[in-house]
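> Structure supplied as start-v7.txt; contents: compact mmCIF, C-alpha atoms.
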```txt
# COMPACT_ATOMS: atom_id res chain seq x y z
CA MET A 1 116.75 100.95 13.15
CA ASN A 2 117.61 97.31 13.83
CA ARG A 3 116.29 95.18 10.94
CA PHE A 4 114.94 92.55 13.32
CA GLN A 5 113.06 95.22 15.24
CA PHE A 6 111.60 96.51 11.98
CA VAL A 7 110.26 93.03 11.18
CA ALA A 8 108.80 92.73 14.70
CA ASP A 9 107.10 96.12 14.39
CA HIS A 10 105.51 95.39 10.97
CA GLN A 11 104.99 91.61 10.90
CA ARG A 12 101.24 91.77 11.53
CA ARG A 13 100.69 93.85 8.41
CA TYR A 14 103.23 92.37 5.99
CA GLY A 15 104.19 88.98 7.42
CA VAL A 16 107.56 87.76 8.67
CA LYS A 17 108.49 85.85 5.49
CA ARG A 18 107.95 88.79 3.16
CA LEU A 19 109.77 91.28 5.39
CA CYS A 20 112.75 88.98 5.92
CA THR A 21 113.04 88.44 2.16
CA ILE A 22 112.94 92.18 1.45
CA LEU A 23 115.45 92.97 4.20
CA GLY A 24 117.75 90.08 3.32
CA ILE A 25 117.73 88.30 6.67
CA ALA A 26 117.00 84.67 7.54
CA ARG A 27 113.71 83.95 9.28
CA SER A 28 115.54 81.63 11.70
CA SER A 29 117.74 84.56 12.72
CA PHE A 30 114.70 86.73 13.34
CA TYR A 31 113.02 84.08 15.48
CA TYR A 32 116.25 83.60 17.48
CA TRP A 33 116.45 87.35 18.02
CA ARG A 34 112.83 87.39 19.25
CA ARG A 35 113.43 84.49 21.67
CA ALA A 36 116.42 86.32 23.13
CA ALA A 37 114.44 89.51 23.81
CA ALA A 38 114.12 88.83 27.54
CA ASP A 39 117.86 88.25 27.88
CA ARG A 40 118.63 91.49 26.03
CA ALA A 41 116.28 93.40 28.27
CA ALA A 42 117.96 91.92 31.34
CA ARG A 43 121.40 92.88 30.01
CA ARG A 44 120.25 96.42 29.30
CA ALA A 45 118.87 96.72 32.83
CA ALA A 46 122.11 95.33 34.29
CA ASP A 47 124.16 97.75 32.20
CA ALA A 48 121.99 100.65 33.32
CA HIS A 49 122.53 99.64 36.95
CA LEU A 50 126.27 99.33 36.38
CA ALA A 51 126.38 102.67 34.57
CA ALA A 52 124.77 104.36 37.59
CA ARG A 53 127.37 102.84 39.92
CA ILE A 54 130.21 103.78 37.56
CA ARG A 55 128.96 107.38 37.42
CA ALA A 56 128.91 107.50 41.23
CA VAL A 57 132.47 106.19 41.56
CA HIS A 58 133.70 108.47 38.78
CA ARG A 59 132.01 111.47 40.40
CA ASP A 60 133.41 110.55 43.83
CA SER A 61 136.92 110.52 42.34
CA ASP A 62 136.39 114.04 40.96
CA GLY A 63 136.28 112.58 37.48
CA THR A 64 139.81 111.19 37.70
CA TYR A 65 139.35 107.40 37.85
CA GLY A 66 139.64 105.33 34.70
CA VAL A 67 138.74 101.71 34.04
CA PRO A 68 141.23 99.91 36.39
CA ARG A 69 140.45 101.95 39.52
CA ILE A 70 136.70 102.02 38.92
CA THR A 71 136.77 98.24 38.45
CA ALA A 72 138.66 97.81 41.73
CA GLU A 73 136.22 100.12 43.55
CA LEU A 74 133.21 98.20 42.26
CA ARG A 75 134.69 94.83 43.15
CA GLU A 76 135.44 95.98 46.69
CA ASP A 77 131.79 97.04 46.97
CA GLY A 78 130.70 93.53 45.97
CA GLU A 79 130.05 94.03 42.25
CA ARG A 80 131.12 91.01 40.19
CA VAL A 81 132.45 92.72 37.08
CA ASN A 82 135.54 92.64 34.86
CA HIS A 83 137.44 95.56 33.41
CA LYS A 84 136.29 94.89 29.83
CA ARG A 85 132.66 95.34 30.77
CA VAL A 86 133.47 98.48 32.77
CA ALA A 87 135.34 99.85 29.75
CA ARG A 88 132.40 99.09 27.44
CA VAL A 89 129.85 100.75 29.71
CA MET A 90 132.10 103.77 30.27
CA ARG A 91 132.42 104.22 26.52
CA SER A 92 128.64 103.99 26.13
CA ILE A 93 128.09 106.82 28.65
CA ASP A 94 131.09 108.83 27.48
CA LEU A 95 133.13 108.65 30.69
CA ALA A 96 136.92 108.49 30.96
CA GLY A 97 139.66 109.15 33.50
CA VAL A 98 141.90 112.18 33.15
CA ARG A 99 145.07 111.84 31.09
CA LEU A 100 148.66 112.89 31.56
CA ARG A 101 149.70 116.46 30.79
CA ARG A 102 153.20 117.63 29.99
CA ARG A 103 155.40 118.40 32.99
CA HIS A 104 157.44 121.54 33.65
CA ARG A 105 160.75 121.04 35.44
CA THR A 106 161.57 122.98 38.61
CA THR A 107 165.03 121.54 39.39
CA VAL A 108 167.79 124.15 39.55
CA THR A 109 171.16 122.60 40.37
CA ASP A 110 174.05 124.21 42.21
CA PRO A 111 177.30 122.95 40.62
CA ALA A 112 179.32 123.93 43.69
CA ALA A 113 177.11 122.15 46.20
CA ALA A 114 178.00 118.82 47.81
CA LYS A 115 176.33 115.77 46.28
CA ALA A 116 175.08 112.64 48.02
CA PRO A 117 175.53 109.14 46.51
CA ASP A 118 172.67 107.35 44.77
CA LEU A 119 171.44 104.82 47.35
CA ILE A 120 168.30 103.90 45.36
CA GLY A 121 169.63 102.95 41.93
CA ARG A 122 166.19 103.36 40.31
CA ASP A 123 164.77 100.70 42.64
CA PHE A 124 161.59 102.46 43.74
CA THR A 125 160.47 99.66 46.04
CA ALA A 126 160.91 98.89 49.72
CA GLY A 127 160.12 95.83 51.80
CA GLU A 128 159.13 97.85 54.85
CA THR A 129 157.57 101.23 55.48
CA ASN A 130 159.65 104.09 56.88
CA THR A 131 162.89 102.85 55.28
CA LYS A 132 163.08 104.51 51.83
CA TYR A 133 161.54 107.79 50.69
CA VAL A 134 161.60 110.07 47.65
CA GLY A 135 161.26 113.84 47.72
CA ASP A 136 160.58 116.41 45.03
CA ILE A 137 159.21 119.87 44.25
CA THR A 138 156.61 120.76 41.63
CA TYR A 139 155.21 124.10 40.54
CA LEU A 140 151.52 125.06 40.80
CA PRO A 141 150.59 127.74 38.21
CA LEU A 142 148.23 130.57 39.12
CA GLU A 143 146.07 132.66 36.79
CA SER A 144 148.06 135.76 37.74
CA GLY A 145 151.22 134.25 36.25
CA ARG A 146 152.74 133.57 39.65
CA PHE A 147 153.41 130.11 41.10
CA LEU A 148 153.07 128.20 44.32
CA TYR A 149 155.39 125.27 44.96
CA LEU A 150 154.60 121.87 46.47
CA ALA A 151 157.31 119.80 48.17
CA THR A 152 156.56 116.16 48.98
CA VAL A 153 158.05 113.17 50.82
CA ILE A 154 156.69 109.76 49.74
CA ASP A 155 157.26 106.33 51.31
CA LEU A 156 158.43 103.85 48.67
CA ALA A 157 156.91 100.83 50.43
CA SER A 158 153.33 102.10 50.61
CA ARG A 159 153.43 105.15 48.30
CA ARG A 160 152.07 107.11 51.25
CA LEU A 161 152.56 110.86 51.18
CA THR A 162 154.06 111.24 54.63
CA GLY A 163 155.04 114.89 54.40
CA TRP A 164 154.28 117.91 52.25
CA ALA A 165 154.49 121.70 52.26
CA ILE A 166 153.26 124.51 49.99
CA ALA A 167 154.81 127.95 49.69
CA ASP A 168 155.13 130.84 47.24
CA HIS A 169 158.89 130.23 47.01
CA MET A 170 161.38 127.42 46.38
CA ARG A 171 163.76 128.26 49.20
CA THR A 172 165.25 125.49 51.33
CA ASP A 173 162.66 126.12 54.04
CA LEU A 174 160.07 124.52 51.75
CA VAL A 175 161.76 121.10 51.61
CA ILE A 176 162.75 121.27 55.29
CA ASP A 177 159.07 121.82 56.18
CA ALA A 178 158.06 118.79 54.10
CA LEU A 179 160.73 116.68 55.82
CA ALA A 180 159.53 117.88 59.25
CA ALA A 181 155.94 116.94 58.33
CA ALA A 182 157.10 113.43 57.35
CA GLU A 183 158.96 113.08 60.63
CA HIS A 184 155.83 114.14 62.51
CA THR A 185 153.74 111.56 60.60
CA ARG A 186 156.14 108.69 61.31
CA GLY A 187 157.31 109.72 64.76
CA SER A 188 160.89 109.08 63.68
CA LEU A 189 162.75 108.80 60.36
CA ALA A 190 165.97 107.51 61.91
CA GLY A 191 167.86 105.25 59.50
CA ALA A 192 165.62 105.98 56.51
CA VAL A 193 166.94 106.96 53.06
CA LEU A 194 165.55 110.06 51.34
CA HIS A 195 166.17 110.15 47.59
CA THR A 196 165.92 113.46 45.69
CA ASP A 197 167.25 115.22 42.62
CA HIS A 198 170.19 117.65 42.66
CA GLY A 199 168.04 120.75 43.17
CA ALA A 200 169.78 123.51 45.10
CA GLN A 201 167.30 123.09 47.97
CA TYR A 202 168.29 119.45 48.49
CA THR A 203 172.03 120.02 48.15
CA SER A 204 172.02 122.93 50.59
CA ARG A 205 173.83 122.80 53.90
CA ALA A 206 170.63 123.65 55.77
CA PHE A 207 168.79 120.64 54.33
CA ALA A 208 171.75 118.35 55.03
CA GLU A 209 171.68 119.48 58.67
CA ALA A 210 167.91 118.85 58.84
CA CYS A 211 168.47 115.33 57.49
CA ASN A 212 171.26 114.70 60.00
CA GLN A 213 169.06 115.82 62.88
CA ALA A 214 166.28 113.51 61.69
CA GLY A 215 168.70 110.59 61.22
CA VAL A 216 167.98 110.49 57.49
CA ARG A 217 170.53 109.38 54.89
CA GLN A 218 170.49 111.49 51.75
CA SER A 219 170.47 109.91 48.28
CA MET A 220 170.57 111.79 44.99
CA SER A 221 169.82 110.95 41.38
CA ALA A 222 172.01 111.69 38.40
CA ILE A 223 171.95 115.28 37.18
CA GLY A 224 169.43 115.76 34.38
CA SER A 225 167.97 112.25 34.60
CA SER A 226 164.26 112.29 35.40
CA ALA A 227 164.22 108.47 35.43
CA ASP A 228 166.35 108.49 38.58
CA ASN A 229 163.53 110.10 40.54
CA ALA A 230 160.68 108.83 38.39
CA LEU A 231 158.28 107.91 41.19
CA ALA A 232 158.21 111.42 42.67
CA GLU A 233 157.81 112.98 39.26
CA SER A 234 155.01 110.58 38.40
CA PHE A 235 153.25 111.59 41.62
CA ASN A 236 153.56 115.27 40.70
CA ALA A 237 152.15 114.66 37.23
CA THR A 238 149.20 112.72 38.66
CA PHE A 239 148.49 115.43 41.23
CA LYS A 240 148.28 118.19 38.62
CA ARG A 241 146.47 116.06 36.09
CA GLU A 242 143.72 115.17 38.56
CA THR A 243 143.36 118.59 40.18
CA LEU A 244 143.62 120.83 37.12
CA GLN A 245 141.74 118.39 34.83
CA GLY A 246 142.76 120.09 31.60
CA ARG A 247 142.94 123.65 32.95
CA LYS A 248 146.23 125.53 32.64
CA HIS A 249 146.20 127.13 36.09
CA TRP A 250 144.33 127.77 39.32
CA ALA A 251 142.35 130.97 39.81
CA GLY A 252 144.22 131.97 42.95
CA GLU A 253 146.32 130.90 45.91
CA ARG A 254 143.39 130.01 48.17
CA GLU A 255 141.81 127.73 45.55
CA THR A 256 145.18 126.09 44.93
CA ARG A 257 145.78 125.32 48.59
CA LEU A 258 142.25 123.96 49.08
CA ASP A 259 142.48 121.74 46.00
CA ALA A 260 145.89 120.49 47.09
CA PHE A 261 144.79 119.71 50.65
CA ARG A 262 141.68 117.90 49.43
CA TRP A 263 143.48 115.81 46.81
CA LEU A 264 146.52 114.98 48.95
CA HIS A 265 144.26 113.76 51.76
CA ARG A 266 142.22 111.66 49.33
CA TYR A 267 145.42 110.29 47.78
CA ASN A 268 146.48 108.77 51.11
CA VAL A 269 143.07 107.67 52.35
CA ARG A 270 141.03 106.72 49.29
CA ARG A 271 142.86 106.91 45.94
CA ARG A 272 143.64 103.42 44.65
CA HIS A 273 147.17 102.67 43.53
CA SER A 274 147.77 100.00 40.90
CA SER A 275 151.07 98.87 42.45
CA LEU A 276 149.32 98.32 45.82
CA GLY A 277 146.71 95.96 44.43
CA HIS A 278 144.37 98.92 43.86
CA ARG A 279 144.39 99.87 47.53
CA SER A 280 145.05 103.31 48.96
CA PRO A 281 148.42 103.89 50.69
CA ILE A 282 146.90 103.93 54.18
CA ALA A 283 144.74 100.87 53.47
CA TYR A 284 147.89 99.10 52.28
CA GLU A 285 149.81 100.06 55.43
CA ASN A 286 146.90 98.84 57.55
CA SER A 287 147.01 95.50 55.74
CA LEU A 288 150.74 95.23 56.45
CA ARG A 289 150.13 95.85 60.16
CA THR A 290 147.33 93.28 60.22
CA THR A 291 149.56 90.69 58.56
CA SER A 292 152.41 91.44 60.95
CA THR A 293 150.14 91.10 63.99
CA THR A 294 148.76 87.78 62.71
CA LEU A 295 152.24 86.39 62.14
CA THR A 296 153.35 87.52 65.60
CA GLN A 297 150.36 85.86 67.26
CA ALA A 298 150.95 82.66 65.28
CA ALA A 299 154.58 82.56 66.38
```
Here is a file; write its structure as structure tokens.

Amino acid sequence: MNRFQFVADHQRRYGVKRLCTILGIARSSFYYWRRAAADRAARRAADAHLAARIRAVHRDSDGTYGVPRITAELREDGERVNHKRVARVMRSIDLAGVRLRRRHRTTVTDPAAAKAPDLIGRDFTAGETNTKYVGDITYLPLESGRFLYLATVIDLASRRLTGWAIADHMRTDLVIDALAAAEHTRGSLAGAVLHTDHGAQYTSRAFAEACNQAGVRQSMSAIGSSADNALAESFNATFKRETLQGRKHWAGERETRLDAFRWLHRYNVRRRHSSLGHRSPIAYENSLRTTSTTLTQAA
């Protein structure tokens, strides 16, 4: 028990002076503590209110958001709070975001296949949307020991997932379907760069033809260097970390597909990205369009 509280609870019977002497505290400190009681009660009430809001945001993110994204969400909702206070309250109610799990590589290279030059050079940024993309494949483990595979196409300007496909194989059709989905989202990919690793799917003739038909220029990272396609691999790690949440696999194919669809939709529409000022990819793209329209009208 707090020593000051003990004095307050027993002062009528034993007296403040005697209790403070026995407990080794200054009477002035006790009286200051008593005067500040109303402020402490107000802080406790404010923390309880904040804790309730933090729980709601954390729950709405499927338990994935940590301090930075929860802080951004609260601020957008009008809460005047800093990340240190959010961190303190989260610790007090034993909440935390999910953490990174180890990644399993799926890249299988074909030494005889044609290679494209590296047009990205580890610069995972873009000044405009629909100009530079990254693509990758990640495995999705099932309880049965089998796997599904997720292929993605991500815009480097907005981090928007513009195209994706899931299948029970890693044939070239998988990455072609993801590319076709991205083309459908954008309307056209003509002139854009698509950066991938040297996986056999991406170096295949069929994928090269699909890129040519879409007007896409292929770019490839160095063999065996995960840093040369780091953004796509980071996306894959985040996807599995936030969907599996510590589990080793999904129960079955249907559950996997439903979890993937739900998370991938939320990623684009709601999930806050630190590099976008804690906005979602689509919110960021909307802000770019608003800015462009304003500048056009001003001109």
> Could you jot down the atom CA of Ala206 of chain A to atom CA of Ala232 of chain A separation for me, Å, one decimal place?
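These atoms are spaced 21.8 Å apart.
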> Which is closest to Arg85 of chain A among A:Val57, A:Tyr133, A:Trp164, A:Ala46, if we use all atoms listed in the file?
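Among the listed residues, the smallest separation from Arg85 of chain A belongs to A:Ala46.
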> Between A:Ala38, A:Leu156, A:Ala87, A:Ile93, single out the one closest to Thr125 of chain A, counting all atoms listed in the file.
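Answer, going by the shortest atom-to-atom distance: A:Leu156.
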> So how many Å separate atom CA of Arg53 of chain A and atom CA of His278 of chain A, to one decimal?
17.9 Å
> Mind pulling up the distance from atom CA of Arg40 of chain A to atom CA of Phe4 of chain A?
13.3 Å
> May I have the protein, DNA and RNA residues with any atom at most 6 Å from the point (147.4, 108.4, 55.4), counting all atoms listed in the file, written as a list in words?
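These residues have at least one counted atom within 6 Å: Asn268, Val269 and Ile282 of chain A.
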> From the list A:His265, A:Arg146, A:His169, A:Lys84, which residue is nearest Glu253 of chain A when using only C-alpha atoms?
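The answer is A:Arg146, which sits nearest to Glu253 of chain A.
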> Box in all listed atoms of segment 162-178 of chain A, axis-aligned, with 8 Å more on each side; write out centre and edge lengths in Å to one decimal as JSON.

```
{"center_x": 159.3, "center_y": 121.0, "center_z": 51.3, "size_x": 28.0, "size_y": 35.6, "size_z": 25.8}
```
> Can you list, as a list in words, every protein, DNA or RNA residue that comes within 7 Å of Thr64 of chain A when you count only C-alpha atoms, leaving out same-chain residues fewer than 2 positions away?
His58, Ser61, Asp62, Gly66, Gly97, Val98 and Glu242 of chain A
> Choose the residue, out of A:Ala96, A:Leu23, A:Val134, A:Ala36, that has the smallest atom-to-atom separation from Asn229 of chain A; count only C-alpha atoms.
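Result for the nearest residue to Asn229 of chain A: A:Val134.
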> Under the rule that all atoms listed in the file are counted, which of A:Gly63, A:Gly215, A:Gly135, A:Gly78 is the nearest residue to Glu233 of chain A?
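Nearest to Glu233 of chain A: A:Gly135.
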> Which residues, written as an MDAnalysis selection string, have at least one atom at most 9 Å from Phe239 of chain A, with all atoms listed in the file counted and residues fewer than 6 positions away on the same chain left out?
chainID A and resid 260 263:264 267
> Which one of A:Glu255, A:Asp168, A:Asp39, A:Glu128 sits closest to Phe147 of chain A if you count all atoms listed in the file?
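With all atoms listed in the file as the atom set, the closest residue is A:Asp168.
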> Within 10 Å of (113.6, 85.4, 14.6), in the coordinates the file gives, what residues turn up when you count only C-alpha atoms, written out as an mmCIF file with C-alpha atoms, in the frame of the given file?

```
data_model
loop_
_atom_site.group_PDB
_atom_site.id
_atom_site.type_symbol
_atom_site.label_atom_id
_atom_site.label_comp_id
_atom_site.auth_asym_id
_atom_site.auth_seq_id
_atom_site.Cartn_x
_atom_site.Cartn_y
_atom_site.Cartn_z
ATOM 1 C CA PHE A 4 114.940 92.550 13.320
ATOM 2 C CA GLN A 5 113.060 95.220 15.240
ATOM 3 C CA VAL A 7 110.260 93.030 11.180
ATOM 4 C CA ALA A 8 108.800 92.730 14.700
ATOM 5 C CA VAL A 16 107.560 87.760 8.670
ATOM 6 C CA CYS A 20 112.750 88.980 5.920
ATOM 7 C CA ILE A 25 117.730 88.300 6.670
ATOM 8 C CA ALA A 26 117.000 84.670 7.540
ATOM 9 C CA ARG A 27 113.710 83.950 9.280
ATOM 10 C CA SER A 28 115.540 81.630 11.700
ATOM 11 C CA SER A 29 117.740 84.560 12.720
ATOM 12 C CA PHE A 30 114.700 86.730 13.340
ATOM 13 C CA TYR A 31 113.020 84.080 15.480
ATOM 14 C CA TYR A 32 116.250 83.600 17.480
ATOM 15 C CA TRP A 33 116.450 87.350 18.020
ATOM 16 C CA ARG A 34 112.830 87.390 19.250
ATOM 17 C CA ARG A 35 113.430 84.490 21.670
ATOM 18 C CA ALA A 36 116.420 86.320 23.130
#
```
> Taking 5 positions as the minimum chain separation for residues in the same chain, which residues sit within 12 Å of His195 of chain A when counting only C-alpha atoms? Answer as number ranges by chain.
A: 115-124, 131-136, 152-156, 179, 202-203, 211, 216-222, 228-232
